Every structure is written in structure tokens, then in C-alpha cells.
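Heads up, run-v3.csv below (CSV, C-alpha atoms):
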```csv
chain,number,residue,atom,x,y,z
P,70,MET,CA,-32.4,-14.0,45.9
P,71,ALA,CA,-31.9,-13.1,49.5
P,72,SER,CA,-28.3,-12.4,50.4
P,73,HIS,CA,-26.6,-12.3,53.7
P,74,ASP,CA,-23.8,-10.3,55.3
P,75,HIS,CA,-20.4,-11.3,53.8
P,76,HIS,CA,-17.1,-9.6,54.6
P,77,HIS,CA,-14.5,-9.2,51.9
P,78,PRO,CA,-11.0,-9.4,53.4
P,79,ASP,CA,-9.9,-6.0,52.3
P,80,HIS,CA,-13.3,-4.3,52.3
P,81,HIS,CA,-12.6,-3.0,48.8
P,82,HIS,CA,-15.5,-2.5,46.4
P,83,HIS,CA,-15.8,-5.8,44.6
P,84,ASP,CA,-17.9,-6.2,41.5
P,85,HIS,CA,-19.0,-9.3,39.7
P,86,THR,CA,-21.9,-10.2,37.4
P,87,HIS,CA,-24.3,-13.0,37.7
P,88,HIS,CA,-26.0,-14.0,34.4
P,89,ASP,CA,-29.5,-15.3,34.7
P,90,GLY,CA,-30.9,-16.0,31.2
P,91,ASP,CA,-30.7,-12.8,29.2
P,92,SER,CA,-30.6,-10.5,32.3
P,93,ALA,CA,-27.5,-9.5,34.2
P,94,THR,CA,-27.5,-8.9,37.9
P,95,GLN,CA,-24.5,-6.9,39.2
P,96,SER,CA,-23.5,-7.5,42.8
P,97,TRP,CA,-20.8,-6.1,45.0
P,98,VAL,CA,-19.6,-6.0,48.6
P,99,GLY,CA,-20.1,-2.6,50.1
P,100,PRO,CA,-17.8,-1.0,52.7
P,101,ASP,CA,-20.1,-2.3,55.5
P,102,GLY,CA,-19.5,-5.9,54.2
P,103,ARG,CA,-23.1,-6.2,52.9
P,104,VAL,CA,-23.7,-7.8,49.6
P,105,CYS,CA,-25.6,-5.4,47.3
P,106,HIS,CA,-27.1,-6.0,43.9
P,107,SER,CA,-29.2,-4.4,41.3
P,108,HIS,CA,-31.5,-5.4,38.5
P,109,ASP,CA,-33.1,-3.7,35.6
P,110,GLY,CA,-35.6,-1.2,36.9
P,111,LEU,CA,-34.5,-1.4,40.5
P,112,ALA,CA,-32.0,0.7,42.5
P,113,PRO,CA,-29.1,-1.1,44.1
P,114,HIS,CA,-30.3,-2.8,47.3
P,115,SER,CA,-29.3,-5.5,49.8
P,116,HIS,CA,-31.4,-7.8,51.8
P,117,GLU,CA,-31.5,-8.0,55.6
P,118,PRO,CA,-30.2,-11.4,56.9
P,119,ILE,CA,-33.1,-13.4,58.5
P,120,TYR,CA,-32.2,-14.8,61.9
P,121,SER,CA,-35.6,-16.1,62.9
P,122,PRO,CA,-39.0,-16.5,61.3
P,123,GLY,CA,-40.4,-13.7,63.5
P,124,PHE,CA,-43.5,-13.4,65.5
P,125,PHE,CA,-47.0,-12.0,64.6
P,126,SER,CA,-47.1,-10.2,68.0
P,127,ARG,CA,-43.8,-8.5,67.2
P,128,ARG,CA,-44.5,-7.6,63.6
P,129,ALA,CA,-43.9,-4.0,62.5
P,130,PRO,CA,-46.9,-2.0,63.5
P,131,PRO,CA,-48.8,0.3,61.0
P,132,LEU,CA,-47.2,3.8,60.8
P,133,LEU,CA,-49.0,6.2,63.1
P,134,SER,CA,-47.8,9.2,61.0
P,135,ARG,CA,-49.4,8.1,57.8
P,136,ASP,CA,-51.2,10.8,55.8
P,137,PHE,CA,-54.0,9.0,54.0
P,138,ASN,CA,-54.8,12.1,52.0
P,139,GLU,CA,-51.4,11.7,50.3
P,140,ARG,CA,-51.9,8.0,49.7
P,141,ALA,CA,-55.0,6.0,50.7
P,142,PHE,CA,-55.0,3.0,53.0
P,143,THR,CA,-52.9,0.4,51.2
P,144,VAL,CA,-53.4,-3.3,51.3
P,145,GLY,CA,-50.4,-5.4,50.3
P,146,ILE,CA,-51.0,-8.9,48.9
P,147,GLY,CA,-48.0,-11.3,48.8
P,148,GLY,CA,-47.3,-14.9,48.4
P,149,PRO,CA,-45.6,-17.6,46.3
P,150,VAL,CA,-46.3,-18.0,42.6
P,151,GLY,CA,-49.7,-19.4,41.7
P,152,THR,CA,-51.3,-19.3,45.1
P,153,GLY,CA,-54.1,-17.0,44.1
P,154,LYS,CA,-52.9,-13.4,44.6
P,155,THR,CA,-54.4,-12.0,41.4
P,156,ALA,CA,-57.6,-14.0,41.9
P,157,LEU,CA,-57.9,-12.5,45.4
P,158,MET,CA,-57.3,-9.0,43.9
P,159,LEU,CA,-60.2,-9.6,41.5
P,160,ALA,CA,-62.5,-10.9,44.2
P,161,LEU,CA,-61.7,-8.0,46.5
P,162,CYS,CA,-62.4,-5.5,43.7
P,163,LYS,CA,-65.7,-7.1,43.0
P,164,PHE,CA,-66.6,-7.1,46.6
P,165,LEU,CA,-65.6,-3.6,47.5
P,166,ARG,CA,-65.9,-1.5,44.3
P,167,ASP,CA,-69.6,-0.5,44.8
P,168,ASN,CA,-69.1,1.1,48.2
P,169,TYR,CA,-65.5,2.3,48.1
P,170,SER,CA,-63.2,4.1,45.6
P,171,LEU,CA,-60.6,1.6,44.7
P,172,ALA,CA,-57.4,1.4,42.6
P,173,ALA,CA,-54.9,-1.4,42.1
P,174,VAL,CA,-51.2,-1.9,41.3
P,175,THR,CA,-49.8,-5.3,40.3
P,176,ASN,CA,-46.2,-6.4,40.1
P,177,ASP,CA,-44.7,-8.8,37.6
P,178,ILE,CA,-41.0,-9.1,36.8
P,179,PHE,CA,-41.0,-9.0,33.0
P,180,THR,CA,-44.7,-8.8,32.0
P,181,LYS,CA,-47.9,-6.9,32.8
P,182,GLU,CA,-50.0,-10.1,32.8
P,183,ASP,CA,-51.6,-9.8,36.2
P,184,GLY,CA,-52.7,-6.2,35.6
P,185,GLU,CA,-54.1,-7.3,32.2
P,186,PHE,CA,-55.9,-10.2,33.9
P,187,LEU,CA,-57.7,-7.7,36.2
P,188,MET,CA,-58.6,-5.5,33.2
P,189,LYS,CA,-59.8,-8.4,31.1
P,190,ASN,CA,-62.0,-9.5,33.9
P,191,GLY,CA,-63.4,-6.1,34.6
P,192,ALA,CA,-62.1,-5.8,38.2
P,193,LEU,CA,-62.1,-2.0,37.9
P,194,PRO,CA,-62.2,0.5,35.1
P,195,GLU,CA,-58.9,0.2,33.3
P,196,GLU,CA,-57.6,3.6,34.3
P,197,ARG,CA,-57.7,2.5,38.0
P,198,ILE,CA,-55.3,-0.4,37.4
P,199,ARG,CA,-51.5,0.0,36.9
P,200,ALA,CA,-49.2,-2.9,36.1
P,201,VAL,CA,-45.5,-2.5,37.2
P,202,GLU,CA,-42.7,-4.5,35.7
P,203,THR,CA,-40.1,-4.7,38.6
P,204,GLY,CA,-37.3,-6.2,36.5
P,205,GLY,CA,-35.9,-8.1,39.5
P,206,CYS,CA,-36.5,-9.5,42.9
P,207,PRO,CA,-40.2,-9.1,43.6
P,208,HIS,CA,-39.6,-8.6,47.3
P,209,ALA,CA,-37.2,-5.7,46.6
P,210,ALA,CA,-40.1,-3.7,45.1
P,211,ILE,CA,-42.2,-4.2,48.1
P,212,HIS,CA,-39.6,-3.9,50.8
P,213,GLU,CA,-36.2,-2.4,50.0
P,214,ASP,CA,-36.9,-0.1,47.0
P,215,ILE,CA,-40.6,0.6,47.1
P,216,SER,CA,-40.6,3.8,45.0
P,217,ILE,CA,-41.5,1.8,41.9
P,218,ASN,CA,-44.8,1.1,43.7
P,219,LEU,CA,-45.3,4.3,45.7
P,220,GLY,CA,-45.3,6.5,42.6
P,221,PRO,CA,-48.3,4.8,40.8
P,222,LEU,CA,-50.1,4.2,44.1
P,223,GLU,CA,-49.9,7.9,45.1
P,224,GLU,CA,-51.0,9.0,41.6
P,225,LEU,CA,-54.0,6.7,41.5
P,226,SER,CA,-54.9,7.6,45.1
P,227,ASN,CA,-55.1,11.3,44.2
P,228,LEU,CA,-56.7,10.8,40.7
P,229,PHE,CA,-59.6,8.9,42.1
P,230,LYS,CA,-59.7,10.1,45.7
P,231,ALA,CA,-59.3,6.4,46.7
P,232,ASP,CA,-60.5,4.9,49.9
P,233,ILE,CA,-58.5,1.7,49.5
P,234,LEU,CA,-55.5,0.8,47.3
P,235,LEU,CA,-54.6,-2.8,46.5
P,236,CYS,CA,-50.9,-3.7,45.8
P,237,GLU,CA,-50.1,-7.2,44.5
P,238,SER,CA,-46.5,-8.4,44.8
P,239,GLY,CA,-45.0,-10.6,42.2
P,240,GLY,CA,-44.9,-14.2,43.2
P,241,ASP,CA,-42.1,-14.8,45.7
P,242,ASN,CA,-40.7,-16.9,48.4
P,243,LEU,CA,-41.9,-17.3,52.0
P,244,ALA,CA,-39.4,-14.7,53.3
P,245,ALA,CA,-41.0,-11.9,51.2
P,246,ASN,CA,-42.9,-9.3,53.2
P,247,PHE,CA,-44.1,-5.8,52.7
P,248,SER,CA,-42.5,-2.7,54.2
P,249,ARG,CA,-44.8,-0.7,56.5
P,250,GLU,CA,-43.8,2.3,54.4
P,251,LEU,CA,-45.8,0.7,51.6
P,252,ALA,CA,-48.6,-1.5,53.1
P,253,ASP,CA,-50.9,-0.5,56.0
P,254,TYR,CA,-52.4,-4.0,55.9
P,255,ILE,CA,-50.5,-7.1,54.8
P,256,ILE,CA,-52.2,-10.2,53.4
P,257,TYR,CA,-50.0,-13.3,52.7
P,258,ILE,CA,-51.7,-16.0,50.7
P,259,ILE,CA,-50.5,-19.6,50.4
P,260,ASP,CA,-52.3,-22.6,49.0
P,261,VAL,CA,-52.7,-26.3,50.0
P,262,SER,CA,-51.0,-27.6,46.8
P,263,GLY,CA,-47.6,-27.0,48.3
P,264,GLY,CA,-48.5,-29.5,51.0
P,265,ASP,CA,-49.5,-29.2,54.6
P,266,LYS,CA,-45.9,-28.5,55.7
P,267,ILE,CA,-46.0,-24.9,54.3
P,268,PRO,CA,-47.5,-23.1,57.4
P,269,ARG,CA,-45.0,-24.6,59.8
P,270,LYS,CA,-42.0,-23.6,57.7
P,271,GLY,CA,-42.5,-20.3,59.4
P,272,ARG,CA,-41.0,-17.6,57.2
P,273,PRO,CA,-41.6,-13.9,57.7
P,274,GLY,CA,-44.4,-13.8,55.1
P,275,ILE,CA,-46.4,-16.3,57.1
P,276,THR,CA,-45.5,-15.2,60.6
P,277,GLN,CA,-45.8,-11.4,60.2
P,278,ALA,CA,-48.6,-10.7,57.8
P,279,ASP,CA,-51.7,-9.1,59.3
P,280,LEU,CA,-53.8,-11.9,57.7
P,281,LEU,CA,-52.7,-15.3,56.5
P,282,VAL,CA,-54.9,-16.8,53.8
P,283,ILE,CA,-54.7,-20.6,53.0
P,284,ASN,CA,-56.3,-20.9,49.6
P,285,LYS,CA,-57.5,-23.7,47.4
P,286,THR,CA,-58.7,-25.9,50.2
P,287,ASP,CA,-60.7,-27.9,47.6
P,288,LEU,CA,-57.3,-29.3,46.4
P,289,ALA,CA,-56.4,-30.9,49.7
P,290,PRO,CA,-57.6,-34.4,48.8
P,291,ALA,CA,-55.8,-34.3,45.5
P,292,VAL,CA,-52.4,-33.5,47.1
P,293,GLY,CA,-52.8,-35.4,50.3
P,294,ALA,CA,-52.8,-32.2,52.4
P,295,ASP,CA,-54.4,-32.4,55.9
P,296,LEU,CA,-56.3,-29.2,56.7
P,297,ALA,CA,-56.3,-30.0,60.4
P,298,ILE,CA,-52.5,-30.0,60.3
P,299,MET,CA,-52.5,-26.7,58.4
P,300,GLU,CA,-54.9,-25.1,60.9
P,301,ARG,CA,-52.8,-26.3,63.8
P,302,ASP,CA,-49.5,-25.1,62.3
P,303,ALA,CA,-51.0,-21.8,61.1
P,304,LEU,CA,-52.3,-21.0,64.6
P,305,LYS,CA,-48.8,-21.8,66.0
P,306,MET,CA,-46.6,-20.1,63.4
P,307,HIS,CA,-49.0,-17.1,63.1
P,308,ASP,CA,-48.7,-16.7,66.8
P,309,GLY,CA,-52.5,-16.5,67.3
P,310,GLY,CA,-52.9,-14.0,64.5
P,311,PRO,CA,-55.9,-14.3,62.1
P,312,PHE,CA,-56.0,-16.7,59.2
P,313,VAL,CA,-58.7,-17.7,56.8
P,314,PHE,CA,-59.2,-21.0,54.9
P,315,ALA,CA,-60.5,-20.0,51.4
P,316,GLN,CA,-61.4,-21.0,47.9
P,317,VAL,CA,-61.1,-17.6,46.4
P,318,LYS,CA,-61.9,-18.7,42.9
P,319,HIS,CA,-65.2,-20.0,44.2
P,320,GLY,CA,-65.9,-17.0,46.5
P,321,LEU,CA,-65.5,-19.0,49.7
P,322,GLY,CA,-63.7,-17.0,52.5
P,323,VAL,CA,-63.7,-13.7,50.5
P,324,GLU,CA,-66.2,-12.0,52.8
P,325,GLU,CA,-64.2,-13.0,55.8
P,326,ILE,CA,-61.1,-11.6,54.2
P,327,VAL,CA,-62.9,-8.3,53.4
P,328,ASN,CA,-64.1,-8.0,57.0
P,329,HIS,CA,-60.5,-8.3,58.2
P,330,ILE,CA,-59.4,-5.6,55.7
P,331,LEU,CA,-62.2,-3.2,56.7
P,332,GLN,CA,-61.5,-3.7,60.4
P,333,GLY,CA,-57.9,-2.5,59.6
P,334,TRP,CA,-59.2,0.3,57.5
P,335,GLU,CA,-61.5,1.5,60.2
P,336,ALA,CA,-58.8,1.4,62.9
P,337,ALA,CA,-56.3,3.2,60.8
P,338,THR,CA,-58.5,5.9,59.2
P,339,GLY,CA,-61.1,6.4,61.9
P,340,LYS,CA,-63.8,6.0,59.2
P,341,ASN,CA,-66.8,3.7,59.4
P,342,ARG,CA,-67.4,1.0,56.8
P,343,ARG,CA,-70.2,1.5,54.3
```

Could you show the structure in this file as C-alpha cells?
Amino acid sequence: MASHDHHHPDHHHHDHTHHDGDSATQSWVGPDGRVCHSHDGLAPHSHEPIYSPGFFSRRAPPLLSRDFNERAFTVGIGGPVGTGKTALMLALCKFLRDNYSLAAVTNDIFTKEDGEFLMKNGALPEERIRAVETGGCPHAAIHEDISINLGPLEELSNLFKADILLCESGGDNLAANFSRELADYIIYIIDVSGGDKIPRKGRPGITQADLLVINKTDLAPAVGADLAIMERDALKMHDGGPFVFAQVKHGLGVEEIVNHILQGWEAATGKNRR
């Protein structure tokens, strides 16, 4: 639900309501001509217009002023619906939990299903997992109005003296990306079932994540996706940044993803991996 700059002729506050199923989204044109909107559970917000897909080399850098005692190193995991975000959360928890203190926050719009999946599968002790219902645009909760995630992340970080926090976005479009105020390391996960065209579509999620994961490579023959094309386009659109082919459900590529995360963790915190 990205919106662009629109100018109302007289710049007066202009309200109208969009009905989407049973939920109502209020939107209005502010004095600066930006279209703002709000949803249940989220503060009013607008979305920056996107003029280009962006470049990996020009992505927002991690914040140098971050106090990791206040909130531990935070890994943001985003991507479209069904690409394997929650499966990756589970795999990362299993891989890291014996050597690091972890906690996890999941986002869904109207359910807590992803958090419940992690609990049911024993990813971490239940008290280390929080499920957030964002009530609206998933990308707003990871970029424009991140307080809904910052609160539980800070609380979990302090409760468990966490080394690493995992924050899973709700399933979203290719433009969704994490604010650096929230994520110190950003993973964007797509899968081959959308076709081999997805990497070259070049949206901010793909171009500006610290790590691009192309999941479910075992499905390529079934959907007629060419992994060589995906590799070529990922290298081009991710501007030489790292990407990993994976079958997260089967454990393939997970160790490589973990190594990328821990490299980021070491660089940001000055600590050595265990």
C-alpha cells in the first residue's frame, strides 16, 4: 500500500476512508501534500516515493551510534508472503541458540501464527518469542513506525541479556525494507516459485538488503525457473552484494547465511564468534 506525493489544490486537510474487508483505513493529504494513512495498531504514517530501485553500495549503513546494551544486535528478515521467512527464523534459532543468547519477534497483520509456529517447533523457549499483530501495512512496522517492534525487542534483549535478536517482518512486497533504526543486519528472502524474473525486478528489498537469499531452489524445475538467470540477475541487481541459494527447509545454505550474520555481528559489536 505504498503511496506517493499528491498535492491537493487548496492544501486543506482532506479525509476519506478506504474499506478493505472489515478493516477501515483512513487517509488524508497533509499540509506538505503527502498522503498519510493509518491502520489499527499503527500510528499515522506516509510512505516515501520510490524513484529508483537503489543500489547495494549506497544502502543505508548500520548506525555507528547504536548502544547494543540497550538493544542487542538485531537481524531483520523480510520478503514476500510464503518465501520462507519463518522457516529461516526457525533454522537460525536452531543453529545459533546453543552458543548465543537469542530472542525473536515475529510480525503478522491479524494473527500470531508465525510466532506460534516458532513456539510449536521449539525454536526457543516460549518466553523468548513475541508475536506482534501490526494491524496494517507490514512495511510500516519495520520502517515508518517501528515502535511496535522496538518495544518487545528492547524488553527481550534486557530480559535475556541477548546477543542477537531476530525480527521477522510480515510478508510484503519487493519494496519493503527495514529501517536502520530497527535492523543492524537486513536479510531479504525470495524464492524461485515466483519465477526467475524476481531478482531483476530490482526493488529496494532486493537491492539494499545486506544479504539476499534465494530460497526453495529445489522447486526450480517445477516452475521452469532458471537458476543461472537468477544468479546473473541477483549479482547485477544486488550490485555485487552477497546472496545465497538455499533450501532452508532442508538445511541447505543455512550455515552460509549464519556466517554472513556473524560477520556482521562481529563487525558491529567488536565481539568474536563462539

Excluding same-chain residues fewer than 2 positions from Ser170 (chain P), what lies within 9 Å of it counting all atoms listed in the file, as number ranges by chain?
P: 165-168, 172, 229-234

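What separates CA of Gly310 (chain P) from CA of Val261 (chain P) is a distance of 19.0 Å.
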
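Proximity ranking of P:Ile283, P:Leu251, P:Leu235, P:Ala245 relative to Ala200 (chain P) places P:Leu235 first, based on all atoms listed in the file.
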
Within 12 Å of Asp136 (chain P) using all atoms listed in the file, minus same-chain residues under 4 positions, as a ChimeraX atom specification
/P:131-132,140-143,223,226,250,253,337-338

Using all atoms listed in the file: which of P:Gln277, P:Ser134, P:Thr286, P:Asn176 has the shortest distance to Ile198 (chain P)
P:Asn176

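Take CA of Gly147 (chain P) and CA of Ile275 (chain P): the distance between them is 9.8 Å.
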
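Taking CA of Glu202 (chain P) and CA of Glu237 (chain P) as endpoints, the distance between them is 11.8 Å.
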